[in-house]
Amino acid sequence: MDRATPETTPRTATTTTTRTTHDTTTTTRRQATGPAEPQAPNHGLNPAVLADLIRVVNAPDHPAWLVQVQRIGGCAHPLHMTGYTRRRDATGRVIENYSSADQPGGVILVPCRNRRASVCPVCAALYRGDTYALVLAGLIGGKGIPDSVTAHLRVFATLTAPGFGAVHTHRTTAGGGPAPCHPRRTGSCPHGADTSCMTPHTPDDPLVGVPLCPECYDYPAAVIWQANLGILWARFTTYLPRHLAKTAGITHARLRAQVRLSYIKIVEYQRRGLVHVHAVIRVDSPTAPGAPIRPGPVWVTADLLTHAITAAAQAVRVHVDGGIAGSWTLCWGQQLDVQELTPANAMADGTDTMPEADAGGATAQSVAAYVAKYATKGTEITGWTGDHLDGTPRSAHAQRMITTAAELSAIIELTHLNLGRWAKTLAYRGHVSSKYRRYSTTLIALRAARADYVRRAKGRPDPTDAETSGVVTESAWRLIGHGYTPGQALLAADIARDAAANRHAAREAGISPTPEGSVDGRARGRA
């Protein structure tokens, strides 16, 4: 659900768990405790924002409010929860009572846990770190995965979308210099648009990803392809072992007895509005659930697996009948990249490039950082942020995809795609990431480990201990609002920047910082 314009009244919902994620934002205002005169000049702030900032700073409960915001790392759109958590021993005596009534404004601030960096950079950084750990554990071990997986054959594959019309693009020469976009000698298209572009576009040029002629661009086919990406991926994962068996010259049944392919995939939005699929594929041997993970047979080489991946991707065909809108035969794009992953020998910090290792392949760390970065991104690269367009030609292209999806949603034969519901994601209907169950650990396990870390850091008892096994916990929490007032938002942004700087300094010093965005388990785990 995309974040909408702040509402004037808070939404109310009753729940007994804090595992609630909302992308909507409701601004909740607290009553001013008294008049306050400005003590400093307005340094470019809106007068209303400055007045609210002064009110917040002069509020009696401001220090306690700051503690809450620091506890959630400066989350940009926290949830406002009211309620209580009580713990009773075996005799019924209350041994701990935690209530929002004792907090500023009578609310507990809980992180929004939105994965998108354009919505909440703080929670997105936490999600990015979890995804990095998830991917890396399946490559080099850790988090319950044995270190022996470094001896397994692992490749990094990128499957792309086909072309639905010529678009402006960033090109470079063999020497790395700028190259013309579309250096063609042809004239114009049937709609009068020039079919060539001699401009050497920079990567951040707002024209990159925009069709040379919007009327020639096949918007319906692009939308239908995007809506069926899940089926395309399912077909690919079905065909891959078959083509691997065919390439190896054995039967599919014999392959299944010797090889198990474990994978994790993450999608990346391109400037043209379509997504690419990045996948890490690891070759294991079949084992029973709970048994140690073993490497696949030595006869499965990188070249053999690359050939099978290429053949499987080329073989995928999905036919879609659109009734009066026509029909489409969908496939993957011609561009396909497969790299063998070398043993971990270098660390990467999540830059926009994926460095090559000296041994000729990408390192496990660089791949994990590369794909984790895209786990926190969405359609904003297309000029559409979910609630507004940025006014660039690229955003007009995204708006055309949204409009096309809405129009196609009215066709009976396409109702199963729910295009109207997914129009704001440019018709992509899947998760940003998915994985094979045996590839690695889970996000739930990572979050549980972080909550346990916070519990131990605060000296709280383990609820699984024998001494606390008779303790009964009662919780009742209610969501009453979201977000900050304008003045609070400025202070929270400063706290978030300070927290990010501290984490960066800790990483540079080789220190493991306190988990980002960690909150009091009594409010987060049960509210």
# chains A, B, ... in the order shown; residues from 1 in each chain; ligands from 1
call {"tool": "residues_around", "arguments": {"residues": "range 164-173 of chain A", "least_positions_apart": "5", "cutoff": "8 Å", "atoms": "only C-alpha atoms", "output": "list in words"}}
result
Pro178, Ala179, Pro180, Cys181, His182, Cys197, Pro200, His201, Thr202, Pro203, Leu207, Val208, Gly209, Val210, Pro211, Leu212, Cys213, Cys216, Tyr217, Asp218, Tyr219, Ala221, Ala222 and Arg272 of chain A
call {"tool": "residues_around", "arguments": {"residues": "Ala308 in chain A", "least_positions_apart": "3", "cutoff": "9 Å", "atoms": "only C-alpha atoms", "output": "PyMOL selection string"}}
result
chain A and resi 239-247+303-305+311-313
call {"tool": "write_last_selection", "arguments": {"atoms": "N, CA, C and O atoms", "output": "JSON list (two decimals), in the first residue's frame"}}
result
[["chain", "number", "residue", "atom", "x", "y", "z"],
["A", 239, "TYR", "N", 11.82, -25.17, -15.52],
["A", 239, "TYR", "CA", 12.59, -25.61, -16.68],
["A", 239, "TYR", "C", 14.07, -25.80, -16.36],
["A", 239, "TYR", "O", 14.74, -26.61, -17.02],
["A", 240, "LEU", "N", 14.60, -25.05, -15.39],
["A", 240, "LEU", "CA", 16.05, -25.07, -15.15],
["A", 240, "LEU", "C", 16.58, -26.47, -14.85],
["A", 240, "LEU", "O", 17.55, -26.91, -15.49],
["A", 241, "PRO", "N", 16.02, -27.23, -13.90],
["A", 241, "PRO", "CA", 16.56, -28.58, -13.68],
["A", 241, "PRO", "C", 16.39, -29.49, -14.89],
["A", 241, "PRO", "O", 17.22, -30.37, -15.13],
["A", 242, "ARG", "N", 15.33, -29.30, -15.65],
["A", 242, "ARG", "CA", 15.13, -30.13, -16.84],
["A", 242, "ARG", "C", 16.23, -29.88, -17.86],
["A", 242, "ARG", "O", 16.78, -30.81, -18.45],
["A", 243, "HIS", "N", 16.54, -28.59, -18.07],
["A", 243, "HIS", "CA", 17.59, -28.27, -19.04],
["A", 243, "HIS", "C", 18.96, -28.63, -18.50],
["A", 243, "HIS", "O", 19.87, -28.96, -19.29],
["A", 244, "LEU", "N", 19.14, -28.58, -17.18],
["A", 244, "LEU", "CA", 20.41, -29.01, -16.61],
["A", 244, "LEU", "C", 20.60, -30.51, -16.84],
["A", 244, "LEU", "O", 21.71, -30.97, -17.18],
["A", 245, "ALA", "N", 19.53, -31.28, -16.67],
["A", 245, "ALA", "CA", 19.62, -32.72, -16.93],
["A", 245, "ALA", "C", 19.89, -32.99, -18.41],
["A", 245, "ALA", "O", 20.71, -33.85, -18.76],
["A", 246, "LYS", "N", 19.22, -32.24, -19.27],
["A", 246, "LYS", "CA", 19.42, -32.44, -20.71],
["A", 246, "LYS", "C", 20.84, -32.09, -21.11],
["A", 246, "LYS", "O", 21.47, -32.81, -21.90],
["A", 247, "THR", "N", 21.36, -30.99, -20.55],
["A", 247, "THR", "CA", 22.73, -30.58, -20.88],
["A", 247, "THR", "C", 23.74, -31.60, -20.39],
["A", 247, "THR", "O", 24.76, -31.86, -21.03],
["A", 303, "ASP", "N", 30.11, -23.78, -16.17],
["A", 303, "ASP", "CA", 29.73, -23.70, -17.59],
["A", 303, "ASP", "C", 28.46, -24.49, -17.86],
["A", 303, "ASP", "O", 27.59, -24.06, -18.62],
["A", 304, "LEU", "N", 28.35, -25.66, -17.25],
["A", 304, "LEU", "CA", 27.16, -26.49, -17.44],
["A", 304, "LEU", "C", 25.92, -25.79, -16.90],
["A", 304, "LEU", "O", 24.87, -25.75, -17.57],
["A", 305, "LEU", "N", 26.03, -25.20, -15.71],
["A", 305, "LEU", "CA", 24.89, -24.51, -15.11],
["A", 305, "LEU", "C", 24.54, -23.26, -15.89],
["A", 305, "LEU", "O", 23.35, -22.95, -16.09],
["A", 311, "ALA", "N", 19.46, -21.75, -21.52],
["A", 311, "ALA", "CA", 18.46, -22.52, -22.27],
["A", 311, "ALA", "C", 17.09, -22.45, -21.61],
["A", 311, "ALA", "O", 16.06, -22.34, -22.29],
["A", 312, "ALA", "N", 17.05, -22.52, -20.29],
["A", 312, "ALA", "CA", 15.78, -22.47, -19.58],
["A", 312, "ALA", "C", 15.11, -21.12, -19.76],
["A", 312, "ALA", "O", 13.89, -21.03, -19.98],
["A", 313, "ALA", "N", 15.89, -20.04, -19.68],
["A", 313, "ALA", "CA", 15.31, -18.70, -19.85],
["A", 313, "ALA", "C", 14.77, -18.52, -21.26],
["A", 313, "ALA", "O", 13.70, -17.93, -21.46]]
call {"tool": "closest_residue", "arguments": {"among": "A:His482, A:His319, A:Arg400, A:Arg294", "to": "Thr150 in chain A", "atoms": "only C-alpha atoms"}}
result
A:Arg294
call {"tool": "closest_residue", "arguments": {"among": "A:Val367, A:Ala64, A:Ala505, A:Leu490", "to": "Ile140 in chain A", "atoms": "only C-alpha atoms"}}
result
A:Val367
call {"tool": "select_by_dssp", "arguments": {"residues": "range 77-262 of chain A", "states": "strand (DSSP E)", "output": "PyMOL selection string"}}
result
chain A and resi 79-88+94-99+108-110+154-159+171-172+178-179+260-262
call {"tool": "select_by_dssp", "arguments": {"residues": "range 301-348 of chain A", "states": "alpha helix (DSSP H)", "output": "ChimeraX atom specification"}}
result
/A:302-315
call {"tool": "closest_residue", "arguments": {"among": "A:Arg438, A:His252, A:Arg497, A:Lys458", "to": "Cys75 in chain A", "atoms": "only C-alpha atoms"}}
result
A:Arg497
call {"tool": "residues_around", "arguments": {"residues": "range 377-393 of chain A", "least_positions_apart": "4", "cutoff": "10 Å", "atoms": "only C-alpha atoms", "output": "PDB file with C-alpha atoms, in the first residue's frame"}}
result
ATOM      1  CA  MET A   1       0.000   0.000   0.000  1.00  0.00           C
ATOM      2  CA  ASP A   2       1.528   3.299  -1.040  1.00  0.00           C
ATOM      3  CA  ARG A   3       1.830   6.159   1.383  1.00  0.00           C
ATOM      4  CA  ALA A   4      -0.977   8.653   0.950  1.00  0.00           C
ATOM      5  CA  THR A   5      -1.452  12.284   1.909  1.00  0.00           C
ATOM      6  CA  ARG A 115      11.218  -1.446   3.501  1.00  0.00           C
ATOM      7  CA  ARG A 116      11.244   1.477   1.020  1.00  0.00           C
ATOM      8  CA  ALA A 117      14.039   3.997   1.500  1.00  0.00           C
ATOM      9  CA  SER A 118      11.913   6.703  -0.133  1.00  0.00           C
ATOM     10  CA  VAL A 119       9.353   6.315   2.692  1.00  0.00           C
ATOM     11  CA  ALA A 124      14.751   0.598   5.064  1.00  0.00           C
ATOM     12  CA  ARG A 128      18.539  -3.814   3.771  1.00  0.00           C
ATOM     13  CA  ASP A 204      20.730  10.561 -14.335  1.00  0.00           C
ATOM     14  CA  ASP A 205      19.292  12.176 -17.455  1.00  0.00           C
ATOM     15  CA  PRO A 206      15.477  12.363 -16.968  1.00  0.00           C
ATOM     16  CA  LEU A 207      15.031  11.145 -20.541  1.00  0.00           C
ATOM     17  CA  VAL A 208      16.693   7.778 -19.857  1.00  0.00           C
ATOM     18  CA  GLY A 209      13.982   5.115 -19.936  1.00  0.00           C
ATOM     19  CA  VAL A 210      11.509   7.273 -21.839  1.00  0.00           C
ATOM     20  CA  PRO A 211      10.215   5.923 -25.193  1.00  0.00           C
ATOM     21  CA  VAL A 267      13.538  -7.708  -8.281  1.00  0.00           C
ATOM     22  CA  GLU A 268      14.883  -4.334  -9.401  1.00  0.00           C
ATOM     23  CA  TYR A 269      12.845  -1.597 -11.068  1.00  0.00           C
ATOM     24  CA  GLN A 270      14.435  -0.101 -14.162  1.00  0.00           C
ATOM     25  CA  ARG A 271      14.018   3.495 -15.317  1.00  0.00           C
ATOM     26  CA  ARG A 272      11.746   2.299 -18.128  1.00  0.00           C
ATOM     27  CA  GLY A 273       9.328   1.005 -15.475  1.00  0.00           C
ATOM     28  CA  LEU A 274       9.959  -2.712 -15.941  1.00  0.00           C
ATOM     29  CA  VAL A 275      11.747  -4.975 -13.489  1.00  0.00           C
ATOM     30  CA  ALA A 372      20.182  -5.935  -0.765  1.00  0.00           C
ATOM     31  CA  LYS A 373      20.333  -2.377  -2.052  1.00  0.00           C
ATOM     32  CA  HIS A 397       5.969   7.271 -18.973  1.00  0.00           C
ATOM     33  CA  ALA A 398       5.201   5.678 -15.587  1.00  0.00           C
ATOM     34  CA  GLN A 399       1.826   7.414 -15.521  1.00  0.00           C
ATOM     35  CA  ILE A 402      -0.507   3.124 -14.570  1.00  0.00           C
ATOM     36  CA  ALA A 423      -1.442  -0.230 -11.036  1.00  0.00           C
ATOM     37  CA  LYS A 424       0.642   1.915  -8.641  1.00  0.00           C
ATOM     38  CA  THR A 425       3.423  -0.678  -8.689  1.00  0.00           C
ATOM     39  CA  LEU A 426       3.336  -0.497 -12.498  1.00  0.00           C
ATOM     40  CA  VAL A 432      10.471  -7.757  -3.716  1.00  0.00           C
TER      41      VAL A 432
END
call {"tool": "decode", "arguments": {"residues": "range 385-468 of chain A", "atoms": "C-alpha atoms", "output": "PDB file, in the first residue's frame"}}
result
ATOM      1  CA  THR A 385       6.786   7.497  -5.801  1.00  0.00           C
ATOM      2  CA  GLY A 386       3.387   5.983  -5.071  1.00  0.00           C
ATOM      3  CA  ASP A 387       1.644   9.241  -4.245  1.00  0.00           C
ATOM      4  CA  HIS A 388       2.946  11.744  -6.794  1.00  0.00           C
ATOM      5  CA  LEU A 389       4.895  12.173 -10.030  1.00  0.00           C
ATOM      6  CA  ASP A 390       8.171  14.101 -10.071  1.00  0.00           C
ATOM      7  CA  GLY A 391       7.241  15.965 -13.256  1.00  0.00           C
ATOM      8  CA  THR A 392       9.973  14.472 -15.454  1.00  0.00           C
ATOM      9  CA  PRO A 393       9.368  12.854 -18.858  1.00  0.00           C
ATOM     10  CA  ARG A 394      10.123   9.537 -17.165  1.00  0.00           C
ATOM     11  CA  SER A 395       7.271  10.028 -14.698  1.00  0.00           C
ATOM     12  CA  ALA A 396       4.909  10.664 -17.616  1.00  0.00           C
ATOM     13  CA  HIS A 397       5.969   7.271 -18.973  1.00  0.00           C
ATOM     14  CA  ALA A 398       5.201   5.678 -15.587  1.00  0.00           C
ATOM     15  CA  GLN A 399       1.826   7.414 -15.521  1.00  0.00           C
ATOM     16  CA  ARG A 400       1.055   5.933 -18.928  1.00  0.00           C
ATOM     17  CA  MET A 401       1.781   2.448 -17.554  1.00  0.00           C
ATOM     18  CA  ILE A 402      -0.507   3.124 -14.570  1.00  0.00           C
ATOM     19  CA  THR A 403      -3.279   4.351 -16.844  1.00  0.00           C
ATOM     20  CA  THR A 404      -2.878   1.359 -19.145  1.00  0.00           C
ATOM     21  CA  ALA A 405      -3.064  -1.055 -16.200  1.00  0.00           C
ATOM     22  CA  ALA A 406      -6.277   0.622 -15.001  1.00  0.00           C
ATOM     23  CA  GLU A 407      -7.809   0.363 -18.471  1.00  0.00           C
ATOM     24  CA  LEU A 408      -6.876  -3.308 -18.891  1.00  0.00           C
ATOM     25  CA  SER A 409      -8.335  -4.137 -15.479  1.00  0.00           C
ATOM     26  CA  ALA A 410     -11.827  -3.666 -16.951  1.00  0.00           C
ATOM     27  CA  ILE A 411     -11.353  -6.556 -19.385  1.00  0.00           C
ATOM     28  CA  ILE A 412     -13.029  -9.725 -18.111  1.00  0.00           C
ATOM     29  CA  GLU A 413     -10.314 -12.061 -19.354  1.00  0.00           C
ATOM     30  CA  LEU A 414      -7.712 -10.117 -17.348  1.00  0.00           C
ATOM     31  CA  THR A 415      -9.576  -9.682 -14.062  1.00  0.00           C
ATOM     32  CA  HIS A 416      -7.510 -12.458 -12.445  1.00  0.00           C
ATOM     33  CA  LEU A 417      -4.441 -10.201 -12.710  1.00  0.00           C
ATOM     34  CA  ASN A 418      -5.985  -7.524 -10.429  1.00  0.00           C
ATOM     35  CA  LEU A 419      -4.352  -4.826 -12.544  1.00  0.00           C
ATOM     36  CA  GLY A 420      -6.354  -2.058 -10.915  1.00  0.00           C
ATOM     37  CA  ARG A 421      -5.024  -2.986  -7.481  1.00  0.00           C
ATOM     38  CA  TRP A 422      -1.409  -3.197  -8.674  1.00  0.00           C
ATOM     39  CA  ALA A 423      -1.442  -0.230 -11.036  1.00  0.00           C
ATOM     40  CA  LYS A 424       0.642   1.915  -8.641  1.00  0.00           C
ATOM     41  CA  THR A 425       3.423  -0.678  -8.689  1.00  0.00           C
ATOM     42  CA  LEU A 426       3.336  -0.497 -12.498  1.00  0.00           C
ATOM     43  CA  ALA A 427       1.489  -3.842 -12.578  1.00  0.00           C
ATOM     44  CA  TYR A 428       4.182  -5.820 -10.735  1.00  0.00           C
ATOM     45  CA  ARG A 429       2.270  -8.081  -8.321  1.00  0.00           C
ATOM     46  CA  GLY A 430       4.972 -10.010  -6.500  1.00  0.00           C
ATOM     47  CA  HIS A 431       7.228  -9.645  -3.485  1.00  0.00           C
ATOM     48  CA  VAL A 432      10.471  -7.757  -3.716  1.00  0.00           C
ATOM     49  CA  SER A 433      12.308 -10.944  -2.706  1.00  0.00           C
ATOM     50  CA  SER A 434      11.670 -14.662  -2.337  1.00  0.00           C
ATOM     51  CA  LYS A 435      13.823 -17.691  -1.693  1.00  0.00           C
ATOM     52  CA  TYR A 436      13.943 -21.455  -1.567  1.00  0.00           C
ATOM     53  CA  ARG A 437      13.334 -22.608   2.013  1.00  0.00           C
ATOM     54  CA  ARG A 438      16.682 -24.405   2.295  1.00  0.00           C
ATOM     55  CA  TYR A 439      18.780 -21.583   0.822  1.00  0.00           C
ATOM     56  CA  SER A 440      19.257 -19.639   4.041  1.00  0.00           C
ATOM     57  CA  THR A 441      17.645 -18.443   7.239  1.00  0.00           C
ATOM     58  CA  THR A 442      14.484 -16.299   7.306  1.00  0.00           C
ATOM     59  CA  LEU A 443      13.688 -12.673   8.045  1.00  0.00           C
ATOM     60  CA  ILE A 444      11.567 -13.851  10.985  1.00  0.00           C
ATOM     61  CA  ALA A 445      14.567 -15.643  12.483  1.00  0.00           C
ATOM     62  CA  LEU A 446      16.781 -12.584  12.003  1.00  0.00           C
ATOM     63  CA  ARG A 447      14.232 -10.321  13.688  1.00  0.00           C
ATOM     64  CA  ALA A 448      13.816 -12.785  16.553  1.00  0.00           C
ATOM     65  CA  ALA A 449      17.582 -12.844  17.057  1.00  0.00           C
ATOM     66  CA  ARG A 450      17.649  -9.045  17.130  1.00  0.00           C
ATOM     67  CA  ALA A 451      14.822  -8.932  19.678  1.00  0.00           C
ATOM     68  CA  ASP A 452      16.702 -11.460  21.797  1.00  0.00           C
ATOM     69  CA  TYR A 453      19.821  -9.293  21.548  1.00  0.00           C
ATOM     70  CA  VAL A 454      17.867  -6.290  22.841  1.00  0.00           C
ATOM     71  CA  ARG A 455      16.334  -8.377  25.628  1.00  0.00           C
ATOM     72  CA  ARG A 456      19.729  -9.561  26.816  1.00  0.00           C
ATOM     73  CA  ALA A 457      21.223  -6.064  26.506  1.00  0.00           C
ATOM     74  CA  LYS A 458      18.483  -4.736  28.785  1.00  0.00           C
ATOM     75  CA  GLY A 459      18.936  -7.587  31.259  1.00  0.00           C
ATOM     76  CA  ARG A 460      15.448  -9.020  30.879  1.00  0.00           C
ATOM     77  CA  PRO A 461      14.749 -12.677  31.643  1.00  0.00           C
ATOM     78  CA  ASP A 462      14.410 -15.212  28.894  1.00  0.00           C
ATOM     79  CA  PRO A 463      10.716 -16.236  28.669  1.00  0.00           C
ATOM     80  CA  THR A 464      11.817 -19.771  27.785  1.00  0.00           C
ATOM     81  CA  ASP A 465      13.777 -20.243  31.013  1.00  0.00           C
ATOM     82  CA  ALA A 466      12.377 -22.650  33.582  1.00  0.00           C
ATOM     83  CA  GLU A 467      12.174 -19.868  36.199  1.00  0.00           C
ATOM     84  CA  THR A 468       9.920 -17.788  33.971  1.00  0.00           C
TER      85      THR A 468
END
